file input25.pdb (PDB, C-alpha atoms)
ATOM      1  CA  MET A   1     -17.712 -17.404   9.858  1.00  0.00           C
ATOM      2  CA  ASN A   2     -17.489 -13.652   9.324  1.00  0.00           C
ATOM      3  CA  ILE A   3     -14.549 -13.116   6.952  1.00  0.00           C
ATOM      4  CA  TYR A   4     -13.163  -9.849   5.575  1.00  0.00           C
ATOM      5  CA  VAL A   5     -10.476  -9.277   2.951  1.00  0.00           C
ATOM      6  CA  LEU A   6      -8.544  -6.004   2.717  1.00  0.00           C
ATOM      7  CA  LEU A   7      -7.987  -5.343  -0.972  1.00  0.00           C
ATOM      8  CA  LYS A   8      -5.955  -2.740  -2.827  1.00  0.00           C
ATOM      9  CA  ARG A   9      -6.100  -1.511  -6.410  1.00  0.00           C
ATOM     10  CA  THR A  10      -2.536  -1.273  -7.727  1.00  0.00           C
ATOM     11  CA  PHE A  11      -0.629  -0.472 -10.873  1.00  0.00           C
ATOM     12  CA  ASP A  12       0.234  -3.455 -13.013  1.00  0.00           C
ATOM     13  CA  THR A  13       4.001  -3.368 -12.604  1.00  0.00           C
ATOM     14  CA  GLU A  14       4.430  -5.545 -15.699  1.00  0.00           C
ATOM     15  CA  GLU A  15       3.136  -2.644 -17.787  1.00  0.00           C
ATOM     16  CA  LYS A  16       5.042   0.553 -18.543  1.00  0.00           C
ATOM     17  CA  ILE A  17       4.783   3.145 -15.780  1.00  0.00           C
ATOM     18  CA  THR A  18       5.206   6.823 -16.645  1.00  0.00           C
ATOM     19  CA  LEU A  19       6.241   9.533 -14.190  1.00  0.00           C
ATOM     20  CA  SER A  20       5.582  13.242 -14.495  1.00  0.00           C
ATOM     21  CA  ASN A  21       6.447  15.917 -11.925  1.00  0.00           C
ATOM     22  CA  GLY A  22       7.344  13.220  -9.415  1.00  0.00           C
ATOM     23  CA  LYS A  23       3.988  11.450  -9.704  1.00  0.00           C
ATOM     24  CA  ILE A  24       2.810   8.305 -11.464  1.00  0.00           C
ATOM     25  CA  GLN A  25       0.580   9.126 -14.407  1.00  0.00           C
ATOM     26  CA  GLU A  26      -2.649   7.139 -14.192  1.00  0.00           C
ATOM     27  CA  ASP A  27      -3.853   7.984 -17.702  1.00  0.00           C
ATOM     28  CA  GLY A  28      -3.340   4.894 -19.802  1.00  0.00           C
ATOM     29  CA  ALA A  29      -1.975   2.846 -16.892  1.00  0.00           C
ATOM     30  CA  GLU A  30      -3.249  -0.662 -16.222  1.00  0.00           C
ATOM     31  CA  PHE A  31      -4.698  -1.423 -12.790  1.00  0.00           C
ATOM     32  CA  ILE A  32      -5.158  -4.788 -11.103  1.00  0.00           C
ATOM     33  CA  ILE A  33      -5.918  -6.356  -7.746  1.00  0.00           C
ATOM     34  CA  ASN A  34      -2.694  -6.344  -5.781  1.00  0.00           C
ATOM     35  CA  PRO A  35      -1.403  -9.908  -6.476  1.00  0.00           C
ATOM     36  CA  TYR A  36      -0.832 -10.717  -2.796  1.00  0.00           C
ATOM     37  CA  ASP A  37      -4.416  -9.663  -2.113  1.00  0.00           C
ATOM     38  CA  GLU A  38      -5.587 -12.242  -4.659  1.00  0.00           C
ATOM     39  CA  TYR A  39      -4.064 -14.938  -2.433  1.00  0.00           C
ATOM     40  CA  ALA A  40      -6.045 -13.450   0.455  1.00  0.00           C
ATOM     41  CA  VAL A  41      -9.296 -13.487  -1.536  1.00  0.00           C
ATOM     42  CA  GLU A  42      -8.757 -17.093  -2.609  1.00  0.00           C
ATOM     43  CA  GLU A  43      -7.965 -18.219   0.927  1.00  0.00           C
ATOM     44  CA  ALA A  44     -11.024 -16.434   2.290  1.00  0.00           C
ATOM     45  CA  ILE A  45     -13.255 -18.230  -0.223  1.00  0.00           C
ATOM     46  CA  GLN A  46     -11.734 -21.596   0.674  1.00  0.00           C
ATOM     47  CA  VAL A  47     -12.215 -20.980   4.415  1.00  0.00           C
ATOM     48  CA  ARG A  48     -15.833 -19.958   3.843  1.00  0.00           C
ATOM     49  CA  ASP A  49     -16.520 -23.025   1.706  1.00  0.00           C
ATOM     50  CA  GLN A  50     -15.102 -25.234   4.442  1.00  0.00           C
ATOM     51  CA  HIS A  51     -16.560 -23.558   7.534  1.00  0.00           C
ATOM     52  CA  GLY A  52     -19.543 -21.574   6.223  1.00  0.00           C
ATOM     53  CA  GLY A  53     -20.218 -17.856   6.579  1.00  0.00           C
ATOM     54  CA  GLU A  54     -19.561 -15.088   4.089  1.00  0.00           C
ATOM     55  CA  VAL A  55     -16.665 -13.179   2.567  1.00  0.00           C
ATOM     56  CA  THR A  56     -16.670  -9.389   2.295  1.00  0.00           C
ATOM     57  CA  VAL A  57     -13.934  -7.590   0.355  1.00  0.00           C
ATOM     58  CA  ILE A  58     -13.220  -3.992   1.291  1.00  0.00           C
ATOM     59  CA  THR A  59     -11.030  -1.273  -0.186  1.00  0.00           C
ATOM     60  CA  VAL A  60     -10.256   2.392   0.342  1.00  0.00           C
ATOM     61  CA  GLY A  61      -9.777   4.606  -2.701  1.00  0.00           C
ATOM     62  CA  SER A  62     -11.589   6.012  -5.700  1.00  0.00           C
ATOM     63  CA  GLU A  63     -14.685   4.860  -7.587  1.00  0.00           C
ATOM     64  CA  ASP A  64     -12.369   3.219 -10.119  1.00  0.00           C
ATOM     65  CA  ALA A  65     -11.551   0.544  -7.520  1.00  0.00           C
ATOM     66  CA  ALA A  66     -15.050  -0.863  -8.028  1.00  0.00           C
ATOM     67  CA  GLU A  67     -13.645  -2.761 -11.017  1.00  0.00           C
ATOM     68  CA  GLN A  68     -11.219  -4.691  -8.801  1.00  0.00           C
ATOM     69  CA  LEU A  69     -13.926  -5.308  -6.200  1.00  0.00           C
ATOM     70  CA  ARG A  70     -16.171  -6.758  -8.913  1.00  0.00           C
ATOM     71  CA  LYS A  71     -13.378  -9.113  -9.915  1.00  0.00           C
ATOM     72  CA  ALA A  72     -13.117 -10.337  -6.321  1.00  0.00           C
ATOM     73  CA  LEU A  73     -16.880 -10.870  -6.327  1.00  0.00           C
ATOM     74  CA  ALA A  74     -16.538 -12.814  -9.581  1.00  0.00           C
ATOM     75  CA  MET A  75     -13.894 -14.989  -7.924  1.00  0.00           C
ATOM     76  CA  GLY A  76     -16.484 -15.938  -5.308  1.00  0.00           C
ATOM     77  CA  ALA A  77     -16.625 -13.284  -2.581  1.00  0.00           C
ATOM     78  CA  ASP A  78     -20.138 -12.536  -1.317  1.00  0.00           C
ATOM     79  CA  LYS A  79     -20.124  -8.772  -0.750  1.00  0.00           C
ATOM     80  CA  ALA A  80     -17.919  -5.758  -1.412  1.00  0.00           C
ATOM     81  CA  VAL A  81     -17.444  -2.390   0.255  1.00  0.00           C
ATOM     82  CA  LEU A  82     -15.799   0.659  -1.318  1.00  0.00           C
ATOM     83  CA  ILE A  83     -14.870   3.500   1.016  1.00  0.00           C
ATOM     84  CA  ASN A  84     -14.535   6.352  -1.447  1.00  0.00           C
ATOM     85  CA  THR A  85     -12.033   8.990  -0.336  1.00  0.00           C
ATOM     86  CA  GLU A  86     -11.300  10.433  -3.779  1.00  0.00           C
ATOM     87  CA  ASP A  87     -12.895  13.835  -3.112  1.00  0.00           C
ATOM     88  CA  GLU A  88     -12.194  13.946   0.615  1.00  0.00           C
ATOM     89  CA  LEU A  89      -8.475  13.330   1.090  1.00  0.00           C
ATOM     90  CA  GLU A  90      -5.678  15.280  -0.554  1.00  0.00           C
ATOM     91  CA  ALA A  91      -3.060  12.861   0.749  1.00  0.00           C
ATOM     92  CA  SER A  92      -2.937   9.514   2.508  1.00  0.00           C
ATOM     93  CA  ASP A  93      -0.490   6.901   3.754  1.00  0.00           C
ATOM     94  CA  GLN A  94      -0.579   3.498   5.452  1.00  0.00           C
ATOM     95  CA  PHE A  95      -1.835   5.031   8.693  1.00  0.00           C
ATOM     96  CA  THR A  96      -4.696   6.706   6.829  1.00  0.00           C
ATOM     97  CA  THR A  97      -5.798   3.510   5.130  1.00  0.00           C
ATOM     98  CA  ALA A  98      -5.495   1.382   8.271  1.00  0.00           C
ATOM     99  CA  LYS A  99      -7.420   3.902  10.370  1.00  0.00           C
ATOM    100  CA  ILE A 100     -10.303   3.991   7.871  1.00  0.00           C
ATOM    101  CA  LEU A 101     -10.454   0.206   7.495  1.00  0.00           C
ATOM    102  CA  ALA A 102     -10.310  -0.372  11.255  1.00  0.00           C
ATOM    103  CA  GLU A 103     -13.061   2.166  11.861  1.00  0.00           C
ATOM    104  CA  TYR A 104     -15.290   0.325   9.395  1.00  0.00           C
ATOM    105  CA  LEU A 105     -14.497  -3.071  10.940  1.00  0.00           C
ATOM    106  CA  GLN A 106     -14.832  -1.905  14.545  1.00  0.00           C
ATOM    107  CA  ASP A 107     -18.425  -3.084  14.981  1.00  0.00           C
ATOM    108  CA  LYS A 108     -18.479  -5.860  12.357  1.00  0.00           C
ATOM    109  CA  ASN A 109     -17.222  -8.621  14.701  1.00  0.00           C
ATOM    110  CA  PRO A 110     -14.931 -10.271  12.146  1.00  0.00           C
ATOM    111  CA  ASP A 111     -13.722 -13.785  12.892  1.00  0.00           C
ATOM    112  CA  LEU A 112     -10.971 -13.644  10.291  1.00  0.00           C
ATOM    113  CA  ILE A 113      -9.406 -10.770   8.341  1.00  0.00           C
ATOM    114  CA  LEU A 114      -7.057 -11.461   5.449  1.00  0.00           C
ATOM    115  CA  ALA A 115      -4.816  -9.079   3.536  1.00  0.00           C
ATOM    116  CA  GLY A 116      -1.905  -9.300   1.158  1.00  0.00           C
ATOM    117  CA  ASN A 117       1.553  -9.468   2.700  1.00  0.00           C
ATOM    118  CA  VAL A 118       2.634  -6.344   0.807  1.00  0.00           C
ATOM    119  CA  ALA A 119       1.331  -4.147  -1.995  1.00  0.00           C
ATOM    120  CA  ILE A 120       3.523  -4.287  -5.088  1.00  0.00           C
ATOM    121  CA  ASP A 121       3.346  -0.508  -5.559  1.00  0.00           C
ATOM    122  CA  GLY A 122       4.458   0.506  -2.062  1.00  0.00           C
ATOM    123  CA  GLY A 123       5.802  -2.653  -0.493  1.00  0.00           C
ATOM    124  CA  SER A 124       5.559  -1.436   3.118  1.00  0.00           C
ATOM    125  CA  GLY A 125       3.440  -4.295   4.468  1.00  0.00           C
ATOM    126  CA  GLN A 126       2.029  -1.984   7.153  1.00  0.00           C
ATOM    127  CA  VAL A 127      -1.725  -1.797   6.603  1.00  0.00           C
ATOM    128  CA  GLY A 128      -2.721  -5.278   7.780  1.00  0.00           C
ATOM    129  CA  PRO A 129      -0.752  -5.238  11.063  1.00  0.00           C
ATOM    130  CA  ARG A 130      -1.848  -1.649  11.725  1.00  0.00           C
ATOM    131  CA  VAL A 131      -5.513  -2.643  11.363  1.00  0.00           C
ATOM    132  CA  ALA A 132      -5.007  -5.538  13.777  1.00  0.00           C
ATOM    133  CA  GLU A 133      -3.292  -3.243  16.283  1.00  0.00           C
ATOM    134  CA  ILE A 134      -6.154  -0.736  16.197  1.00  0.00           C
ATOM    135  CA  LEU A 135      -8.758  -3.501  16.562  1.00  0.00           C
ATOM    136  CA  GLY A 136      -6.791  -5.138  19.369  1.00  0.00           C
ATOM    137  CA  ILE A 137      -6.571  -8.570  17.743  1.00  0.00           C
ATOM    138  CA  PRO A 138      -3.501 -10.728  16.948  1.00  0.00           C
ATOM    139  CA  SER A 139      -1.901 -10.690  13.514  1.00  0.00           C
ATOM    140  CA  VAL A 140       0.342 -13.164  11.721  1.00  0.00           C
ATOM    141  CA  THR A 141       2.207 -12.120   8.582  1.00  0.00           C
ATOM    142  CA  THR A 142       3.592 -13.918   5.504  1.00  0.00           C
ATOM    143  CA  ILE A 143       1.476 -17.037   5.958  1.00  0.00           C
ATOM    144  CA  THR A 144       1.793 -19.972   3.552  1.00  0.00           C
ATOM    145  CA  ASN A 145      -0.766 -22.325   5.133  1.00  0.00           C
ATOM    146  CA  LEU A 146      -3.906 -21.844   7.199  1.00  0.00           C
ATOM    147  CA  GLU A 147      -5.984 -24.482   8.979  1.00  0.00           C
ATOM    148  CA  ILE A 148      -8.896 -23.569  11.239  1.00  0.00           C
ATOM    149  CA  GLU A 149     -10.510 -25.884  13.751  1.00  0.00           C
ATOM    150  CA  SER A 150     -13.150 -24.577  16.111  1.00  0.00           C
ATOM    151  CA  ASN A 151     -11.771 -21.255  17.384  1.00  0.00           C
ATOM    152  CA  VAL A 152      -8.088 -21.950  16.729  1.00  0.00           C
ATOM    153  CA  ALA A 153      -6.015 -21.260  13.603  1.00  0.00           C
ATOM    154  CA  LYS A 154      -2.919 -23.344  12.893  1.00  0.00           C
ATOM    155  CA  ILE A 155      -0.634 -21.289  10.686  1.00  0.00           C
ATOM    156  CA  THR A 156       2.570 -21.850   8.770  1.00  0.00           C
ATOM    157  CA  ARG A 157       4.525 -18.694   7.970  1.00  0.00           C
ATOM    158  CA  ASP A 158       7.752 -17.729   6.229  1.00  0.00           C
ATOM    159  CA  VAL A 159      10.640 -16.715   8.486  1.00  0.00           C
ATOM    160  CA  GLU A 160      14.056 -15.817   7.054  1.00  0.00           C
ATOM    161  CA  GLY A 161      14.302 -18.632   4.531  1.00  0.00           C
ATOM    162  CA  ASP A 162      12.616 -21.165   6.807  1.00  0.00           C
ATOM    163  CA  SER A 163       9.119 -21.591   8.245  1.00  0.00           C
ATOM    164  CA  GLU A 164       7.425 -21.787  11.616  1.00  0.00           C
ATOM    165  CA  VAL A 165       4.098 -23.241  12.736  1.00  0.00           C
ATOM    166  CA  ILE A 166       2.050 -21.390  15.341  1.00  0.00           C
ATOM    167  CA  GLU A 167      -1.461 -21.581  16.778  1.00  0.00           C
ATOM    168  CA  VAL A 168      -3.567 -18.475  17.370  1.00  0.00           C
ATOM    169  CA  ASN A 169      -7.097 -17.980  18.663  1.00  0.00           C
ATOM    170  CA  LEU A 170      -9.682 -16.180  16.550  1.00  0.00           C
ATOM    171  CA  PRO A 171     -10.465 -13.369  15.855  1.00  0.00           C
ATOM    172  CA  LEU A 172      -7.304 -12.948  13.856  1.00  0.00           C
ATOM    173  CA  LEU A 173      -5.728 -11.011  11.002  1.00  0.00           C
ATOM    174  CA  VAL A 174      -3.318 -12.737   8.624  1.00  0.00           C
ATOM    175  CA  THR A 175      -1.378 -11.518   5.591  1.00  0.00           C
ATOM    176  CA  ALA A 176      -0.991 -13.826   2.612  1.00  0.00           C
ATOM    177  CA  GLN A 177       2.327 -14.784   1.081  1.00  0.00           C
ATOM    178  CA  GLN A 178       2.991 -16.370  -2.318  1.00  0.00           C
ATOM    179  CA  GLY A 179       2.565 -20.134  -2.017  1.00  0.00           C
ATOM    180  CA  LEU A 180      -0.515 -19.949   0.217  1.00  0.00           C
ATOM    181  CA  ASN A 181      -2.726 -21.057  -2.680  1.00  0.00           C
ATOM    182  CA  GLU A 182      -3.338 -20.621  -6.396  1.00  0.00           C
ATOM    183  CA  PRO A 183      -5.934 -17.864  -6.977  1.00  0.00           C
ATOM    184  CA  ARG A 184      -8.755 -18.907  -9.278  1.00  0.00           C
ATOM    185  CA  TYR A 185      -9.705 -17.093 -12.459  1.00  0.00           C
ATOM    186  CA  PRO A 186     -13.240 -15.683 -12.471  1.00  0.00           C
ATOM    187  CA  SER A 187     -15.524 -17.932 -14.516  1.00  0.00           C
ATOM    188  CA  LEU A 188     -18.182 -16.586 -16.864  1.00  0.00           C
ATOM    189  CA  PRO A 189     -20.989 -17.613 -14.453  1.00  0.00           C
ATOM    190  CA  GLY A 190     -19.012 -15.974 -11.649  1.00  0.00           C
ATOM    191  CA  ILE A 191     -18.702 -12.753 -13.638  1.00  0.00           C
ATOM    192  CA  MET A 192     -22.437 -12.729 -14.336  1.00  0.00           C
ATOM    193  CA  LYS A 193     -23.288 -13.399 -10.670  1.00  0.00           C
ATOM    194  CA  ALA A 194     -20.906 -10.646  -9.555  1.00  0.00           C
ATOM    195  CA  LYS A 195     -23.082  -8.048 -11.280  1.00  0.00           C
ATOM    196  CA  LYS A 196     -25.907  -8.851  -8.874  1.00  0.00           C
ATOM    197  CA  LYS A 197     -23.855  -9.093  -5.699  1.00  0.00           C
ATOM    198  CA  PRO A 198     -23.981  -6.105  -3.308  1.00  0.00           C
ATOM    199  CA  LEU A 199     -21.271  -3.457  -3.609  1.00  0.00           C
ATOM    200  CA  GLU A 200     -21.738  -0.834  -0.919  1.00  0.00           C
ATOM    201  CA  GLU A 201     -20.120   2.588  -1.293  1.00  0.00           C
ATOM    202  CA  LEU A 202     -19.333   4.685   1.773  1.00  0.00           C
ATOM    203  CA  GLU A 203     -17.577   7.955   2.553  1.00  0.00           C
ATOM    204  CA  LEU A 204     -15.706   9.209   5.604  1.00  0.00           C
ATOM    205  CA  ASP A 205     -18.851  10.875   6.941  1.00  0.00           C
ATOM    206  CA  ASP A 206     -20.554   7.484   7.038  1.00  0.00           C
ATOM    207  CA  LEU A 207     -17.832   6.303   9.419  1.00  0.00           C
ATOM    208  CA  ASP A 208     -17.993   9.441  11.584  1.00  0.00           C
ATOM    209  CA  LEU A 209     -14.438  10.290  10.569  1.00  0.00           C
ATOM    210  CA  GLU A 210     -13.070  13.738   9.832  1.00  0.00           C
ATOM    211  CA  GLU A 211     -10.140  14.444   7.531  1.00  0.00           C
ATOM    212  CA  ASP A 212      -7.991  15.352  10.552  1.00  0.00           C
ATOM    213  CA  ASP A 213      -8.684  11.935  12.088  1.00  0.00           C
ATOM    214  CA  VAL A 214      -6.959  10.196   9.193  1.00  0.00           C
ATOM    215  CA  ALA A 215      -4.310  12.762   8.280  1.00  0.00           C
ATOM    216  CA  PRO A 216      -1.177  10.967   7.002  1.00  0.00           C
ATOM    217  CA  LYS A 217       1.809  10.600   9.296  1.00  0.00           C
ATOM    218  CA  THR A 218       4.288  10.557   6.409  1.00  0.00           C
ATOM    219  CA  LYS A 219       4.848  12.635   3.284  1.00  0.00           C
ATOM    220  CA  THR A 220       6.065  11.413  -0.096  1.00  0.00           C
ATOM    221  CA  ILE A 221       8.796  13.756  -1.296  1.00  0.00           C
ATOM    222  CA  GLU A 222       9.526  12.207  -4.668  1.00  0.00           C
ATOM    223  CA  ILE A 223       8.829   9.133  -6.778  1.00  0.00           C
ATOM    224  CA  PHE A 224      11.399   8.067  -9.357  1.00  0.00           C
ATOM    225  CA  LEU A 225      12.180   5.071 -11.510  1.00  0.00           C
ATOM    226  CA  PRO A 226      15.355   3.045 -10.868  1.00  0.00           C
ATOM    227  CA  PRO A 227      18.275   3.830 -13.201  1.00  0.00           C
ATOM    228  CA  LYS A 228      18.495   1.796 -16.361  1.00  0.00           C
ATOM    229  CA  LYS A 229      20.916  -1.079 -16.197  1.00  0.00           C
ATOM    230  CA  GLU A 230      23.838  -0.862 -18.564  1.00  0.00           C
ATOM    231  CA  ALA A 231      24.584  -3.766 -20.828  1.00  0.00           C
ATOM    232  CA  GLY A 232      26.995  -6.279 -19.359  1.00  0.00           C
ATOM    233  CA  LYS A 233      30.480  -6.778 -20.731  1.00  0.00           C
ATOM    234  CA  ILE A 234      31.619 -10.050 -22.263  1.00  0.00           C
ATOM    235  CA  LEU A 235      35.295 -10.829 -21.711  1.00  0.00           C
ATOM    236  CA  GLU A 236      37.141 -12.505 -24.528  1.00  0.00           C
ATOM    237  CA  GLY A 237      40.590 -14.007 -25.121  1.00  0.00           C
ATOM    238  CA  GLU A 238      42.686 -16.379 -23.081  1.00  0.00           C
ATOM    239  CA  LEU A 239      41.551 -17.160 -19.525  1.00  0.00           C
ATOM    240  CA  GLU A 240      44.521 -15.380 -17.948  1.00  0.00           C
ATOM    241  CA  ASP A 241      43.812 -12.267 -20.023  1.00  0.00           C
ATOM    242  CA  GLN A 242      40.140 -12.359 -19.007  1.00  0.00           C
ATOM    243  CA  VAL A 243      41.085 -12.602 -15.331  1.00  0.00           C
ATOM    244  CA  ARG A 244      43.438  -9.607 -15.589  1.00  0.00           C
ATOM    245  CA  GLU A 245      40.764  -7.585 -17.398  1.00  0.00           C
ATOM    246  CA  LEU A 246      38.112  -8.570 -14.868  1.00  0.00           C
ATOM    247  CA  VAL A 247      40.307  -7.503 -11.950  1.00  0.00           C
ATOM    248  CA  GLN A 248      41.031  -4.207 -13.685  1.00  0.00           C
ATOM    249  CA  LEU A 249      37.312  -3.549 -14.283  1.00  0.00           C
ATOM    250  CA  LEU A 250      36.411  -4.410 -10.706  1.00  0.00           C
ATOM    251  CA  ARG A 251      39.039  -1.946  -9.510  1.00  0.00           C
ATOM    252  CA  THR A 252      38.498   0.971 -11.900  1.00  0.00           C
ATOM    253  CA  GLU A 253      34.805   0.765 -12.875  1.00  0.00           C
ATOM    254  CA  ALA A 254      32.942  -1.214 -10.225  1.00  0.00           C
ATOM    255  CA  LYS A 255      35.378   0.017  -7.546  1.00  0.00           C
ATOM    256  CA  VAL A 256      34.764  -2.999  -5.339  1.00  0.00           C
ATOM    257  CA  ILE A 257      38.407  -3.945  -4.875  1.00  0.00           C
TER     258      ILE A 257
END
call {"tool": "encode", "arguments": {"input": "input25.pdb", "output": "structure tokens"}}
result
Amino acid sequence: MNIYVLLKRTFDTEEKITLSNGKIQEDGAEFIINPYDEYAVEEAIQVRDQHGGEVTVITVGSEDAAEQLRKALAMGADKAVLINTEDELEASDQFTTAKILAEYLQDKNPDLILAGNVAIDGGSGQVGPRVAEILGIPSVTTITNLEIESNVAKITRDVEGDSEVIEVNLPLLVTAQQGLNEPRYPSLPGIMKAKKKPLEELELDDLDLEEDDVAPKTKTIEIFLPPKKEAGKILEGELEDQVRELVQLLRTEAKVI
């Protein structure tokens, strides 16, 4: 089975993020594989182990993303591809990324493509479905279970606090939701093997794409951190007094009544 995983290098949101002039400062920031993409990598490895084939992880970005690709290789992926746009694109958005990924995949005849449901830095959830649309294959989002038999995938997905089970023919793109699996930690042998696994680096020219072909459709005006939460108030005294004070605060400060 020919399996591809769309992977993104993201900021570690558990670390401190610094903004300057409306942009996130990368100096000193910690970067990781987007956590939802780790579910996709793990699922791809499990499908390969069950049905045979190989797993290729692919990302669009800078040379620094090679670190995250190597981690995916250490987890058990077979090959990695980095499409380096660092010196070629001044700006990009979800359309840009999807267009580049789809162009690469166009002649690869994938049976299954996996991606994370959303990226924790942007949270749009657009890239996976956009890639499927360009390739002309079905996509199923927020999946929590995947079973493949012959050429048919039986999928369980999250829907508004419940779940639904559907069947879809391959080729197919799915996006992984939390609960799909438990991503493995790279073992020491896996880390050593990853150093010898192929990591191909391409540029837009290698895909016969020009900068105008992938020009972003949106523009980021500003990035800002959410306001700091003020400390909560603890009401004291008799219950009746607390109720009166609470009503007063809801009216004058929270202005919800």
call {"tool": "closest_residue", "arguments": {"input": "input25.pdb", "among": "A:Asp111, A:Glu15, A:Glu30, A:Glu38", "to": "Glu182 of chain A", "atoms": "only C-alpha atoms"}}
result
A:Glu38
call {"tool": "resolve_selection", "arguments": {"input": "input25.pdb", "expression": "the PyMOL selection byres ((chain A and resi 216) around 9)", "output": "PyMOL selection string"}}
result
chain A and resi 91-97+212+214-215+217-219
call {"tool": "residues_around", "arguments": {"input": "input25.pdb", "residues": "Lys233 of chain A", "least_positions_apart": "2", "cutoff": "10 Å", "atoms": "all atoms listed in the file", "output": "VMD selection string"}}
result
chain A and resid 230 to 231 235 to 236 246 249
call {"tool": "atom_distance", "arguments": {"input": "input25.pdb", "atom1": "atom CA of Ile33 of chain A", "atom2": "atom CA of Glu103 of chain A"}}
result
22.5 Å
call {"tool": "resolve_selection", "arguments": {"input": "input25.pdb", "expression": "the PyMOL selection byres ((chain A and resi 160-170) around 9)", "output": "JSON, numbers by chain"}}
result
{"A": [111, 112, 137, 138, 139, 140, 144, 151, 152, 153, 154, 155, 156, 157, 158, 159, 171, 172, 173]}
call {"tool": "write_last_selection", "arguments": {"input": "input25.pdb", "atoms": "C-alpha atoms", "output": "compact mmCIF listing (two decimals), in the frame of the given file"}}
result
# COMPACT_ATOMS: atom_id res chain seq x y z
CA ASP A 111 -13.72 -13.78 12.89
CA LEU A 112 -10.97 -13.64 10.29
CA ILE A 137 -6.57 -8.57 17.74
CA PRO A 138 -3.50 -10.73 16.95
CA SER A 139 -1.90 -10.69 13.51
CA VAL A 140 0.34 -13.16 11.72
CA THR A 144 1.79 -19.97 3.55
CA ASN A 151 -11.77 -21.26 17.38
CA VAL A 152 -8.09 -21.95 16.73
CA ALA A 153 -6.02 -21.26 13.60
CA LYS A 154 -2.92 -23.34 12.89
CA ILE A 155 -0.63 -21.29 10.69
CA THR A 156 2.57 -21.85 8.77
CA ARG A 157 4.53 -18.69 7.97
CA ASP A 158 7.75 -17.73 6.23
CA VAL A 159 10.64 -16.72 8.49
CA PRO A 171 -10.46 -13.37 15.86
CA LEU A 172 -7.30 -12.95 13.86
CA LEU A 173 -5.73 -11.01 11.00
call {"tool": "atom_distance", "arguments": {"input": "input25.pdb", "atom1": "atom CA of Val81 of chain A", "atom2": "atom CA of Ile148 of chain A"}}
result
25.3 Å
call {"tool": "atom_distance", "arguments": {"input": "input25.pdb", "atom1": "atom CA of Pro183 of chain A", "atom2": "atom CA of Tyr39 of chain A"}}
result
5.7 Å
call {"tool": "closest_residue", "arguments": {"input": "input25.pdb", "among": "A:Leu207, A:Leu114, A:Leu6, A:Ile223", "to": "Thr18 of chain A", "atoms": "all atoms listed in the file"}}
result
A:Ile223
call {"tool": "resolve_selection", "arguments": {"input": "input25.pdb", "expression": "the PyMOL selection byres ((chain A and resi 54) around 10)", "output": "number ranges by chain"}}
result
A: 1-4, 44-45, 47-49, 51-53, 55-56, 76-79
call {"tool": "closest_residue", "arguments": {"input": "input25.pdb", "among": "A:Ile17, A:Ile221, A:Ala40, A:Leu69", "to": "Leu146 of chain A", "atoms": "only C-alpha atoms"}}
result
A:Ala40
call {"tool": "closest_residue", "arguments": {"input": "input25.pdb", "among": "A:Val131, A:Gln106, A:Glu43, A:Gly61", "to": "Glu90 of chain A", "atoms": "all atoms listed in the file"}}
result
A:Gly61
call {"tool": "residues_around", "arguments": {"input": "input25.pdb", "residues": "Pro186 of chain A", "least_positions_apart": "5", "cutoff": "8 Å", "atoms": "only C-alpha atoms", "output": "VMD selection string"}}
result
chain A and resid 71 74 to 76 191
call {"tool": "closest_residue", "arguments": {"input": "input25.pdb", "among": "A:Leu7, A:Ala194, A:Ile32, A:Leu73", "to": "Thr59 of chain A", "atoms": "all atoms listed in the file"}}
result
A:Leu7
call {"tool": "residues_around", "arguments": {"input": "input25.pdb", "residues": "Glu88 of chain A", "least_positions_apart": "6", "cutoff": "9 Å", "atoms": "all atoms listed in the file", "output": "PyMOL selection string"}}
result
chain A and resi 203-204+211
call {"tool": "closest_residue", "arguments": {"input": "input25.pdb", "among": "A:Thr10, A:Gln68, A:Asn84, A:Glu63", "to": "Asp205 of chain A", "atoms": "all atoms listed in the file"}}
result
A:Asn84
call {"tool": "axis_aligned_box", "arguments": {"input": "input25.pdb", "around": "segment 98-105 of chain A", "padding_each_side": "4 Å", "output": "lines of an AutoDock Vina configuration file"}}
result
center_x = -10.4
center_y = 0.5
center_z = 9.7
size_x = 17.8
size_y = 15.1
size_z = 12.4
